[in-house]
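Pasted below: run21.txt, compact mmCIF, C-alpha atoms.
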# COMPACT_ATOMS: atom_id res chain seq x y z
CA MET M 4 -81.91 162.70 -91.23
CA ALA M 5 -83.11 163.83 -94.61
CA HIS M 6 -80.60 165.44 -96.97
CA PRO M 7 -81.24 167.58 -100.00
CA SER M 8 -80.49 165.70 -103.18
CA PRO M 9 -77.69 166.88 -105.47
CA PRO M 10 -79.07 169.15 -108.16
CA SER M 11 -79.96 167.78 -111.56
CA ALA M 12 -79.31 169.58 -114.81
CA HIS M 13 -83.01 170.41 -114.96
CA ASP M 14 -83.66 171.87 -111.53
CA ARG M 15 -80.63 173.91 -110.57
CA GLY M 16 -79.05 177.10 -111.76
CA ARG M 17 -80.21 180.07 -113.70
CA SER M 18 -80.23 180.87 -117.36
CA VAL M 19 -77.52 183.24 -118.50
CA PRO M 20 -76.81 185.04 -121.73
CA THR M 21 -74.45 183.58 -124.28
CA PRO M 22 -70.99 185.13 -123.94
CA ALA M 23 -70.46 188.00 -126.29
CA ASP M 24 -67.73 187.92 -128.84
CA SER M 25 -64.46 189.36 -127.60
CA ALA M 26 -64.33 193.07 -128.17
CA SER M 27 -61.97 194.55 -130.70
CA TRP M 28 -59.66 197.11 -129.14
CA ASP M 29 -58.41 199.93 -131.31
CA GLY M 30 -54.69 200.22 -130.77
CA HIS M 31 -54.52 197.16 -128.49
CA PRO M 32 -53.90 193.48 -129.20
CA GLU M 33 -56.98 191.28 -129.18
CA PRO M 34 -57.65 189.94 -125.67
CA LEU M 35 -57.81 186.20 -125.09
CA ALA M 36 -61.24 184.88 -126.03
CA VAL M 37 -63.26 183.57 -123.11
CA GLY M 38 -64.07 180.42 -125.06
CA SER M 39 -60.41 179.63 -125.68
CA ALA M 40 -59.79 178.67 -122.03
CA PRO M 41 -59.31 174.88 -121.71
CA LEU M 42 -62.33 173.70 -119.71
CA PRO M 43 -62.15 171.05 -116.99
CA ALA M 44 -63.66 167.71 -118.03
CA TYR M 45 -66.81 168.07 -115.93
CA GLY M 46 -69.06 165.04 -116.15
CA SER M 47 -66.54 162.61 -117.63
CA GLY M 48 -63.06 163.09 -116.18
CA SER M 49 -62.94 165.73 -113.44
CA LEU M 50 -62.18 165.38 -109.76
CA ALA M 51 -65.88 165.81 -108.98
CA ASP M 52 -66.60 162.63 -110.94
CA LEU M 53 -64.31 160.36 -108.92
CA LEU M 54 -66.24 159.49 -105.76
CA PRO M 55 -69.62 159.14 -107.52
CA THR M 56 -67.96 156.66 -109.90
CA LEU M 57 -66.52 154.62 -107.03
CA ALA M 58 -69.77 154.78 -105.07
CA ALA M 59 -71.79 153.66 -108.10
CA GLY M 60 -69.52 150.65 -108.38
CA MET M 61 -70.43 149.74 -104.79
CA GLY M 62 -74.13 150.07 -105.41
CA VAL M 63 -74.75 153.40 -103.68
CA PRO M 64 -78.11 154.73 -104.92
CA ASP M 65 -78.32 157.82 -107.11
CA THR M 66 -74.63 157.84 -108.03
CA THR M 67 -73.26 157.68 -111.55
CA ALA M 68 -70.09 156.08 -112.90
CA ALA M 69 -69.03 159.10 -114.94
CA ILE M 70 -65.38 158.04 -115.29
CA THR M 71 -66.13 155.09 -117.49
CA GLU M 72 -62.56 153.76 -117.54
CA LEU M 73 -62.66 152.68 -113.88
CA THR M 74 -63.55 149.11 -112.91
CA PRO M 75 -65.72 148.69 -109.78
CA ALA M 76 -64.22 147.37 -106.56
CA ASP M 77 -65.75 146.38 -103.22
CA ARG M 78 -63.25 148.47 -101.31
CA ASN M 79 -62.01 151.84 -102.56
CA CYS M 80 -59.38 154.18 -101.14
CA VAL M 81 -58.67 157.70 -102.36
CA PHE M 82 -55.30 159.12 -101.29
CA LEU M 83 -55.31 162.84 -102.13
CA ILE M 84 -51.89 164.47 -102.17
CA ASP M 85 -52.28 168.23 -101.97
CA GLY M 86 -50.42 169.96 -104.79
CA LEU M 87 -49.29 166.89 -106.78
CA GLY M 88 -49.96 167.92 -110.36
CA TRP M 89 -49.67 165.51 -113.27
CA GLU M 90 -46.96 167.55 -114.95
CA GLN M 91 -44.92 167.89 -111.75
CA LEU M 92 -45.05 164.15 -111.10
CA ARG M 93 -43.98 163.30 -114.64
CA ALA M 94 -41.07 165.75 -114.37
CA HIS M 95 -39.61 164.06 -111.26
CA PRO M 96 -39.26 160.31 -111.87
CA ASP M 97 -36.14 159.99 -109.72
CA GLU M 98 -37.85 161.48 -106.67
CA ALA M 99 -41.04 159.43 -107.11
CA PRO M 100 -40.06 156.05 -108.57
CA PHE M 101 -43.07 154.17 -107.21
CA MET M 102 -45.69 156.64 -108.42
CA THR M 103 -43.84 156.99 -111.72
CA SER M 104 -44.16 153.22 -112.17
CA LEU M 105 -47.94 153.67 -111.84
CA LEU M 106 -48.33 156.40 -114.46
CA GLY M 107 -49.58 153.88 -117.02
CA SER M 108 -52.33 152.85 -114.59
CA SER M 109 -53.75 156.36 -114.40
CA ARG M 110 -57.46 156.71 -115.17
CA GLY M 111 -58.18 153.03 -115.49
CA GLY M 112 -55.06 152.12 -117.44
CA THR M 113 -55.45 154.76 -120.13
CA GLY M 114 -52.38 156.61 -118.86
CA ARG M 115 -54.32 159.86 -118.92
CA PRO M 116 -54.90 162.42 -116.14
CA LEU M 117 -58.06 163.90 -114.68
CA THR M 118 -58.78 167.61 -114.48
CA THR M 119 -59.39 169.24 -111.13
CA GLY M 120 -62.02 171.90 -111.91
CA TYR M 121 -62.00 175.69 -111.87
CA PRO M 122 -60.51 177.25 -109.92
CA ALA M 123 -57.72 174.75 -109.26
CA THR M 124 -57.47 175.44 -105.55
CA THR M 125 -57.76 173.36 -102.40
CA ALA M 126 -61.06 174.50 -100.90
CA THR M 127 -62.85 174.24 -104.23
CA SER M 128 -61.29 170.87 -105.11
CA LEU M 129 -61.92 169.25 -101.73
CA ALA M 130 -65.57 170.27 -101.98
CA SER M 131 -65.70 168.85 -105.51
CA VAL M 132 -64.18 165.51 -104.55
CA GLY M 133 -66.27 165.13 -101.40
CA THR M 134 -69.66 166.18 -102.75
CA GLY M 135 -69.19 164.84 -106.27
CA LEU M 136 -70.42 168.18 -107.59
CA PRO M 137 -68.69 170.89 -109.66
CA PRO M 138 -68.02 174.31 -108.09
CA GLY M 139 -71.11 175.94 -109.54
CA ALA M 140 -73.26 173.52 -107.56
CA HIS M 141 -71.39 173.02 -104.28
CA GLY M 142 -70.75 176.74 -104.04
CA LEU M 143 -67.09 177.07 -103.02
CA PRO M 144 -65.94 178.92 -106.14
CA GLY M 145 -62.49 180.04 -105.00
CA TYR M 146 -59.95 180.61 -102.26
CA THR M 147 -61.92 183.68 -101.21
CA ALA M 148 -65.37 184.66 -102.46
CA ARG M 149 -67.94 187.30 -101.58
CA ASN M 150 -70.78 186.33 -99.28
CA PRO M 151 -73.74 188.04 -100.99
CA LYS M 152 -75.65 188.24 -97.70
CA THR M 153 -72.94 190.18 -95.83
CA GLY M 154 -70.91 191.74 -98.63
CA GLU M 155 -67.73 190.41 -97.04
CA LEU M 156 -65.00 188.29 -98.55
CA MET M 157 -65.08 184.78 -97.12
CA ASN M 158 -61.94 182.67 -96.98
CA GLN M 159 -63.34 179.25 -97.86
CA LEU M 160 -60.21 177.35 -96.81
CA ARG M 161 -59.99 178.87 -93.32
CA TRP M 162 -63.76 179.57 -93.15
CA GLN M 163 -63.26 183.18 -92.07
CA PRO M 164 -65.41 185.03 -91.23
CA TRP M 165 -67.44 182.15 -89.87
CA THR M 166 -70.51 181.30 -91.92
CA PRO M 167 -73.11 178.58 -91.18
CA PRO M 168 -71.61 175.61 -93.06
CA ARG M 169 -74.81 173.88 -94.17
CA ALA M 170 -76.30 177.10 -95.46
CA TRP M 171 -73.19 177.68 -97.53
CA GLN M 172 -72.98 174.09 -98.87
CA PRO M 173 -76.25 172.16 -98.34
CA TYR M 174 -75.66 168.98 -100.31
CA PRO M 175 -74.70 165.67 -98.64
CA THR M 176 -71.23 164.32 -99.27
CA VAL M 177 -70.66 161.08 -101.14
CA PHE M 178 -69.27 159.65 -97.89
CA GLN M 179 -72.57 160.35 -96.15
CA ARG M 180 -74.58 158.83 -98.96
CA ALA M 181 -72.32 155.76 -98.97
CA HIS M 182 -72.63 155.43 -95.19
CA ASP M 183 -76.41 155.65 -95.46
CA ALA M 184 -76.27 152.84 -98.02
CA GLY M 185 -74.37 150.53 -95.67
CA VAL M 186 -70.85 151.16 -96.97
CA HIS M 187 -68.09 151.53 -94.35
CA ALA M 188 -67.02 155.14 -94.93
CA ALA M 189 -64.01 156.72 -93.21
CA GLN M 190 -61.62 159.65 -93.47
CA VAL M 191 -58.04 159.38 -92.18
CA SER M 192 -56.31 162.74 -91.93
CA SER M 193 -54.63 165.17 -89.59
CA PRO M 194 -56.50 165.65 -86.28
CA THR M 195 -56.44 169.38 -87.08
CA PHE M 196 -59.09 168.89 -89.73
CA GLU M 197 -61.59 166.84 -87.75
CA THR M 198 -63.94 169.65 -86.72
CA THR M 199 -63.30 172.28 -89.39
CA PRO M 200 -66.28 173.65 -91.34
CA LEU M 201 -64.58 172.71 -94.61
CA THR M 202 -64.39 169.08 -93.48
CA LYS M 203 -68.04 169.21 -92.45
CA VAL M 204 -69.33 170.47 -95.78
CA ALA M 205 -66.90 168.58 -98.03
CA LEU M 206 -65.63 165.40 -96.43
CA SER M 207 -67.91 164.32 -93.58
CA GLY M 208 -69.86 161.08 -93.39
CA GLY M 209 -68.96 157.84 -91.69
CA THR M 210 -66.09 158.15 -89.20
CA PHE M 211 -63.11 160.51 -88.96
CA HIS M 212 -59.77 159.20 -87.70
CA GLY M 213 -57.07 161.72 -86.87
CA ARG M 214 -53.41 160.68 -87.10
CA LEU M 215 -50.41 162.98 -87.07
CA SER M 216 -47.82 161.17 -89.17
CA GLY M 217 -48.20 160.10 -92.75
CA GLU M 218 -47.09 156.58 -91.86
CA GLU M 219 -49.84 156.28 -89.23
CA ARG M 220 -52.41 157.46 -91.76
CA MET M 221 -51.35 154.86 -94.32
CA ASP M 222 -51.51 152.05 -91.79
CA LEU M 223 -54.90 153.13 -90.45
CA ALA M 224 -56.32 153.66 -93.94
CA ALA M 225 -55.46 150.03 -94.73
CA GLU M 226 -57.16 148.91 -91.50
CA GLN M 227 -60.28 150.92 -92.31
CA LEU M 228 -60.48 149.39 -95.78
CA ALA M 229 -60.52 145.94 -94.21
CA ALA M 230 -63.22 146.95 -91.70
CA GLY M 231 -66.10 146.44 -94.14
CA ASP M 232 -67.09 144.19 -97.00
CA ARG M 233 -67.72 147.43 -98.87
CA SER M 234 -65.48 150.31 -97.83
CA LEU M 235 -64.85 153.87 -98.99
CA VAL M 236 -61.79 155.41 -97.33
CA TYR M 237 -60.19 158.81 -97.91
CA THR M 238 -56.78 159.91 -96.71
CA TYR M 239 -54.83 163.10 -97.28
CA TYR M 240 -51.32 164.60 -97.20
CA ALA M 241 -50.81 168.39 -97.19
CA GLU M 242 -47.09 169.01 -96.78
CA LEU M 243 -46.11 168.75 -100.45
CA ASP M 244 -48.36 171.72 -101.22
CA GLY M 245 -46.89 173.73 -98.34
CA ALA M 246 -43.35 173.14 -99.59
CA GLY M 247 -44.35 174.22 -103.09
CA HIS M 248 -45.95 177.45 -101.92
CA ARG M 249 -43.03 178.41 -99.72
CA TYR M 250 -40.06 177.22 -101.74
CA GLY M 251 -41.33 176.35 -105.20
CA VAL M 252 -41.78 173.10 -107.10
CA GLU M 253 -38.16 173.13 -108.23
CA SER M 254 -36.78 173.41 -104.70
CA ASP M 255 -34.89 170.74 -102.77
CA THR M 256 -37.52 170.97 -100.04
CA TRP M 257 -40.33 170.17 -102.48
CA ARG M 258 -38.35 167.33 -103.99
CA GLY M 259 -37.73 165.93 -100.52
CA GLN M 260 -41.43 166.02 -99.76
CA LEU M 261 -42.16 164.24 -103.05
CA MET M 262 -39.71 161.49 -102.10
CA HIS M 263 -41.45 161.11 -98.74
CA VAL M 264 -44.95 160.95 -100.17
CA ASP M 265 -43.82 158.42 -102.76
CA ARG M 266 -42.78 156.13 -99.92
CA LEU M 267 -46.15 156.69 -98.23
CA VAL M 268 -48.02 155.63 -101.37
CA GLN M 269 -45.94 152.47 -101.60
CA ARG M 270 -46.49 151.76 -97.88
CA LEU M 271 -50.25 151.93 -98.33
CA ALA M 272 -50.23 149.96 -101.58
CA GLU M 273 -48.36 147.09 -99.91
CA GLN M 274 -51.02 146.79 -97.17
CA LEU M 275 -54.22 146.79 -99.22
CA PRO M 276 -56.75 144.14 -98.20
CA GLU M 277 -58.33 141.93 -100.84
CA ARG M 278 -60.77 143.38 -103.37
CA THR M 279 -59.39 146.92 -102.98
CA ALA M 280 -58.68 149.66 -105.49
CA LEU M 281 -56.36 152.45 -104.34
CA TYR M 282 -56.52 155.72 -106.27
CA VAL M 283 -53.81 158.35 -105.80
CA THR M 284 -54.86 161.80 -106.95
CA ALA M 285 -54.52 165.50 -106.12
CA ASP M 286 -56.44 168.74 -105.83
CA HIS M 287 -54.32 170.83 -108.23
CA GLY M 288 -50.89 171.24 -109.72
CA MET M 289 -48.59 174.22 -109.24
CA ILE M 290 -46.20 176.57 -111.04
CA ASP M 291 -43.40 178.81 -109.80
CA VAL M 292 -43.81 182.49 -110.65
CA PRO M 293 -40.74 184.80 -110.78
CA PHE M 294 -40.48 187.71 -108.37
CA ASP M 295 -40.51 190.71 -110.68
CA GLU M 296 -43.02 193.32 -111.79
CA GLU M 297 -43.51 191.65 -115.16
CA HIS M 298 -44.77 188.43 -113.61
CA ARG M 299 -46.34 189.79 -110.40
CA ILE M 300 -48.84 192.56 -111.09
CA ASP M 301 -49.62 194.35 -107.84
CA PHE M 302 -53.29 195.28 -107.61
CA ASP M 303 -52.61 197.43 -104.54
CA ALA M 304 -50.14 199.56 -106.50
CA ASP M 305 -52.12 199.83 -109.74
CA TRP M 306 -54.74 202.60 -109.72
CA GLU M 307 -56.11 201.52 -113.09
CA LEU M 308 -56.96 197.99 -111.95
CA ARG M 309 -58.34 199.27 -108.63
CA ALA M 310 -60.73 201.76 -110.22
CA GLY M 311 -64.32 200.75 -109.58
CA VAL M 312 -63.38 197.63 -107.60
CA ALA M 313 -65.04 197.10 -104.23
CA LEU M 314 -63.49 193.71 -103.36
CA LEU M 315 -60.68 191.58 -104.77
CA GLY M 316 -61.27 187.86 -104.21
CA GLY M 317 -59.87 184.56 -105.32
CA GLU M 318 -56.09 184.27 -105.56
CA GLY M 319 -53.28 185.42 -107.79
CA ARG M 320 -53.99 183.16 -110.77
CA ALA M 321 -57.78 182.96 -110.37
CA ARG M 322 -59.31 186.27 -109.37
CA HIS M 323 -62.89 187.19 -108.51
CA VAL M 324 -63.30 190.94 -108.97
CA TYR M 325 -66.35 192.53 -107.33
CA ALA M 326 -67.21 195.92 -108.75
CA VAL M 327 -68.77 198.94 -107.14
CA PRO M 328 -72.48 198.94 -108.17
CA GLY M 329 -72.80 200.37 -111.65
CA ALA M 330 -69.10 199.95 -112.49
CA GLN M 331 -69.17 196.33 -113.70
CA HIS M 332 -68.84 197.13 -117.40
CA ASP M 333 -66.05 199.65 -116.86
CA VAL M 334 -64.07 197.23 -114.67
CA LEU M 335 -64.43 194.48 -117.25
CA THR M 336 -63.28 196.82 -120.01
CA VAL M 337 -60.21 197.99 -118.12
CA TRP M 338 -59.17 194.55 -116.94
CA ARG M 339 -59.46 193.18 -120.47
CA GLU M 340 -57.47 196.06 -121.88
CA VAL M 341 -54.69 195.83 -119.26
CA LEU M 342 -54.49 192.08 -118.71
CA GLY M 343 -56.29 190.47 -121.63
CA GLU M 344 -53.16 189.17 -123.36
CA GLN M 345 -52.09 187.17 -120.29
CA PHE M 346 -55.39 186.32 -118.59
CA TRP M 347 -58.72 185.02 -119.77
CA ILE M 348 -60.96 187.87 -118.59
CA ALA M 349 -64.69 187.19 -118.42
CA SER M 350 -67.77 188.76 -116.97
CA ARG M 351 -69.63 186.59 -114.47
CA ASP M 352 -72.25 185.61 -117.05
CA GLU M 353 -69.62 184.89 -119.69
CA ALA M 354 -67.64 182.63 -117.34
CA ILE M 355 -70.81 180.78 -116.33
CA ALA M 356 -72.04 180.40 -119.90
CA ALA M 357 -68.62 179.13 -120.97
CA GLY M 358 -68.81 176.42 -118.31
CA TRP M 359 -65.85 177.47 -116.18
CA PHE M 360 -67.62 176.48 -112.94
CA GLY M 361 -69.46 173.47 -114.33
CA PRO M 362 -72.52 172.84 -116.51
CA GLN M 363 -74.72 175.12 -114.41
CA VAL M 364 -74.51 177.42 -111.40
CA ASP M 365 -76.93 177.31 -108.48
CA GLU M 366 -78.90 180.46 -107.75
CA ARG M 367 -77.34 180.74 -104.29
CA VAL M 368 -73.84 180.58 -105.85
CA TYR M 369 -74.35 183.09 -108.65
CA ALA M 370 -73.39 186.27 -106.75
CA ARG M 371 -70.44 184.58 -105.04
CA ILE M 372 -68.70 184.63 -108.41
CA GLY M 373 -66.96 187.88 -109.30
CA ASP M 374 -68.49 190.48 -111.56
CA VAL M 375 -65.24 189.95 -113.45
CA VAL M 376 -63.32 186.64 -113.40
CA ALA M 377 -59.62 186.59 -114.33
CA ALA M 378 -57.83 183.28 -115.05
CA ALA M 379 -54.12 183.36 -115.85
CA ARG M 380 -52.81 181.79 -119.04
CA ASP M 381 -49.18 182.92 -118.68
CA ASP M 382 -46.83 182.56 -115.73
CA VAL M 383 -48.18 185.66 -114.02
CA LEU M 384 -50.01 186.65 -110.84
CA ILE M 385 -52.27 189.45 -109.72
CA ILE M 386 -50.92 189.92 -106.22
CA ALA M 387 -52.16 192.31 -103.54
CA SER M 388 -49.07 193.18 -101.52
CA GLU M 389 -50.91 195.14 -98.83
CA ARG M 390 -54.15 193.15 -98.53
CA GLU M 391 -52.57 189.72 -98.98
CA PRO M 392 -48.94 189.93 -97.90
CA LYS M 393 -48.50 186.22 -97.18
CA GLU M 394 -50.16 185.02 -100.34
CA SER M 395 -48.24 187.60 -102.39
CA ALA M 396 -44.93 186.19 -101.13
CA MET M 397 -45.57 182.59 -102.25
CA VAL M 398 -43.17 181.06 -104.78
CA GLY M 399 -45.45 178.29 -106.04
CA ASN M 400 -48.99 179.20 -107.13
CA HIS M 401 -52.06 177.64 -108.71
CA GLY M 402 -55.70 178.31 -109.51
CA SER M 403 -56.13 178.67 -113.25
CA MET M 404 -56.90 176.37 -116.19
CA THR M 405 -53.42 175.70 -117.57
CA PRO M 406 -52.27 172.06 -117.77
CA ALA M 407 -49.69 172.59 -115.00
CA GLU M 408 -52.52 173.52 -112.61
CA GLN M 409 -55.48 171.53 -113.93
CA LEU M 410 -54.10 168.10 -114.74
CA ILE M 411 -53.93 165.64 -111.85
CA PRO M 412 -53.04 161.96 -111.70
CA LEU M 413 -55.40 159.10 -110.92
CA LEU M 414 -52.87 156.36 -110.21
CA GLU M 415 -54.35 152.95 -109.47
CA VAL M 416 -53.25 149.94 -107.45
CA ARG M 417 -55.55 146.92 -107.09
CA SER M 418 -55.32 143.93 -104.78
Written as structure tokens, that's how I'd like the structure from this file.
Amino acid sequence: MAHPSPPSAHDRGRSVPTPADSASWDGHPEPLAVGSAPLPAYGSGSLADLLPTLAAGMGVPDTTAAITELTPADRNCVFLIDGLGWEQLRAHPDEAPFMTSLLGSSRGGTGRPLTTGYPATTATSLASVGTGLPPGAHGLPGYTARNPKTGELMNQLRWQPWTPPRAWQPYPTVFQRAHDAGVHAAQVSSPTFETTPLTKVALSGGTFHGRLSGEERMDLAAEQLAAGDRSLVYTYYAELDGAGHRYGVESDTWRGQLMHVDRLVQRLAEQLPERTALYVTADHGMIDVPFDEEHRIDFDADWELRAGVALLGGEGRARHVYAVPGAQHDVLTVWREVLGEQFWIASRDEAIAAGWFGPQVDERVYARIGDVVAAARDDVLIIASEREPKESAMVGNHGSMTPAEQLIPLLEVRS
């Protein structure tokens, strides 16, 4: 079966204007400059660069070793722990003694983290890791995004409302390309994820093996690594993220989950077959946001922020704002005036030109991005208490470009 090739810098995307200088507001503090947001390290040290680097080391055609610090191995395993940010791991050495002992191995022994990509959220990051492409190319630019063909908000994690997966994300995964090149490719995860559209567009290729417990996944991942002379195996653990959202990253529940996942990493590391590199990474970090009006700005209760807005997408720390036709400039002006000291507020073209979603944005992805994009700098959220009651009640949150959300480990164990 023929697959479309990943886009090159020369044949994808559209040209966009250079971002304008931040406006000066009479009587208001200067808003955060769009260009002052700390960009993900696309092309050299982002999550999207990981699998292409490993695949290139195994001789998979048309892949590039962008993370130059990594040494090739015949067998590679990526263990992605949902919600394990670099800063959170470093802050909890007692709960994670094994992973803490590996901090110096991160990113090929440099002791440095990767960045996840913008927005720092699960659906976007899983698509980045699996396709080896930044969000502007793979086209999952947030937790929810507008489908330009229907005008509806699409939840890209739950894939609701249903949208044809291959039309939404047409590029082959790195797993599929590795499989086609004769590499033994496998995913070991919860059986729940086997047939989901997100798995299909982001993580498919080779064989999927569903196991319920973390211990079973570690054991099977080790078996799958040994099943080929060249192997690329992915495994995943979600419960740390769930504990952080519900109880916060300073909670006993989150700490307990971190202790458990630390034991899982050690269990897998002790079973690695010969000629294997294990990489432990994550899809984003997380911060706790206080429950008060200063830190949680309720879009549903704020007439000024709602004016001219047709749809509110994204999530609390990484919003896509879709304006009523003709109101784009007014919405941008108001959002900058109201929120510009705490959020980087950009127009769609400014965010694209600044590189928030990667070096370029595919034509099919352009209108999925908000007319206005809001990325939190401070410990604040734009909640929507009526439209998004469950999301608005979460303690731990993520999505933006701050170090607590963007920086992720790349711990390494070799056999």
Worksheet, complete the sentence: Of M:Arg115, M:His212, M:Arg299, M:Arg233, the one nearest to Ala58 of chain M when counting all atoms listed in the file is M:Arg233
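Excluding Asp291 of chain M and any residue on its chain fewer than 4 positions from it, the residues at most 8 Å away by all atoms listed in the file are M:Gly251, M:Val252, M:Glu253, M:Asp382, M:Val398, M:Gly399, M:Asn400.
Counting only C-alpha atoms, the residue from M:Pro138, M:Gly86, M:Pro200, M:Gly38 that sits nearest to Ala246 of chain M is M:Gly86.
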Worksheet item: Taking only C-alpha atoms into account, which of M:Thr195, M:Leu228, M:Ala377, M:Leu136 comes nearest Thr67 of chain M?
Response: M:Leu136
Item to complete: Write out as a PyMOL selection string the residues lying within 12 Å of Ile372 of chain M, counting only C-alpha atoms and excluding same-chain residues fewer than 2 positions away.
Response: chain M and resi 121-122+138-139+142-151+156-157+314-317+321-326+349-355+359-360+364-370+374-377
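Distance-wise, atom CA of Gln274 of chain M and atom CA of Thr238 of chain M end up 14.3 Å apart.
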Item to complete: Excluding Pro137 of chain M and residues on its chain fewer than 5 positions from it, collect all residues at most 8 Å away from it, counting only C-alpha atoms, and give them as number ranges by chain.
Response: M: 45, 51, 120, 131, 360-361
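Comparing the minimum interatomic distances between Val416 of chain M and each of M:Ala76, M:Ala387, M:Ala181, M:Ala379, counting only C-alpha atoms, we find that M:Ala76 sits nearest.
Ranking M:Pro64, M:Pro362, M:Gly213, M:Pro293 by their shortest atom-to-atom distance to Ala44 of chain M, with only C-alpha atoms included, puts M:Pro362 first.
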Worksheet, complete the sentence: Using all atoms listed in the file, the best pick from M:Thr405, M:Thr56, M:Ser395, M:Asn79 as closest to Gly231 of chain M would be M:Asn79
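Between atom CA of His332 of chain M and atom CA of Glu307 of chain M the interatomic distance comes to 14.1 Å.
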Fill in: Residues within 6 Å of (-46.6, 168.5, -100.7), file coords, only C-alpha atoms, listed as a PyMOL selection string
chain M and resi 85-86+241-246+260
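Residues in contact range of Thr202 of chain M, defined as at most 9 Å between all atoms listed in the file, with sequence neighbours fewer than 5 positions away removed, read Leu129, Ala130, Phe196, Glu197 and Ser207 of chain M.
Going from atom CA of Glu72 of chain M over to atom CA of Arg220 of chain M, you cover 28.0 Å.
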Discussion item. Show me, as a PyMOL selection string, the residues that have an atom within 12 Å of Leu106 of chain M when counting all atoms listed in the file, minus same-chain residues fewer than 4 positions from it.
Written reply: chain M and resi 89-90+92-94+96+99-102+110-116+282-284+411-416
If I only have part of segment 282-296 of chain M, can you fill in N, CA and C atoms and write it as a short mmCIF file (atom, residue, chain, number, x, y, z; two decimals), in the coordinates of the input?
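Saved result, part-v7.cif, follows:
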data_model
loop_
_atom_site.label_atom_id
_atom_site.label_comp_id
_atom_site.auth_asym_id
_atom_site.auth_seq_id
_atom_site.Cartn_x
_atom_site.Cartn_y
_atom_site.Cartn_z
N TYR M 282 -56.68 154.67 -105.27
CA TYR M 282 -56.52 155.72 -106.27
C TYR M 282 -55.75 156.88 -105.64
N VAL M 283 -54.64 157.24 -106.26
CA VAL M 283 -53.81 158.35 -105.80
C VAL M 283 -54.07 159.53 -106.72
N THR M 284 -54.51 160.63 -106.14
CA THR M 284 -54.86 161.80 -106.95
C THR M 284 -54.44 163.07 -106.22
N ALA M 285 -54.94 164.21 -106.68
CA ALA M 285 -54.52 165.50 -106.12
C ALA M 285 -55.64 166.50 -106.30
N ASP M 286 -55.45 167.67 -105.72
CA ASP M 286 -56.44 168.74 -105.83
C ASP M 286 -56.06 169.80 -106.84
N HIS M 287 -54.81 169.85 -107.24
CA HIS M 287 -54.32 170.83 -108.23
C HIS M 287 -52.85 170.59 -108.46
N GLY M 288 -52.32 171.18 -109.53
CA GLY M 288 -50.89 171.24 -109.72
C GLY M 288 -50.37 172.59 -109.26
N MET M 289 -49.19 172.99 -109.74
CA MET M 289 -48.59 174.22 -109.24
C MET M 289 -47.51 174.68 -110.21
N ILE M 290 -47.31 176.01 -110.27
CA ILE M 290 -46.20 176.57 -111.04
C ILE M 290 -45.48 177.60 -110.19
N ASP M 291 -44.19 177.76 -110.45
CA ASP M 291 -43.40 178.81 -109.80
C ASP M 291 -43.49 180.08 -110.64
N VAL M 292 -43.69 181.20 -109.96
CA VAL M 292 -43.81 182.49 -110.65
C VAL M 292 -42.67 183.40 -110.20
N PRO M 293 -41.89 183.95 -111.15
CA PRO M 293 -40.74 184.80 -110.78
C PRO M 293 -41.16 186.04 -110.00
N PHE M 294 -40.22 186.52 -109.19
CA PHE M 294 -40.48 187.71 -108.37
C PHE M 294 -39.99 188.96 -109.09
N ASP M 295 -40.80 189.44 -110.02
CA ASP M 295 -40.51 190.71 -110.68
C ASP M 295 -41.83 191.33 -111.10
N GLU M 296 -41.79 192.60 -111.47
CA GLU M 296 -43.02 193.32 -111.79
C GLU M 296 -43.69 192.82 -113.06
#
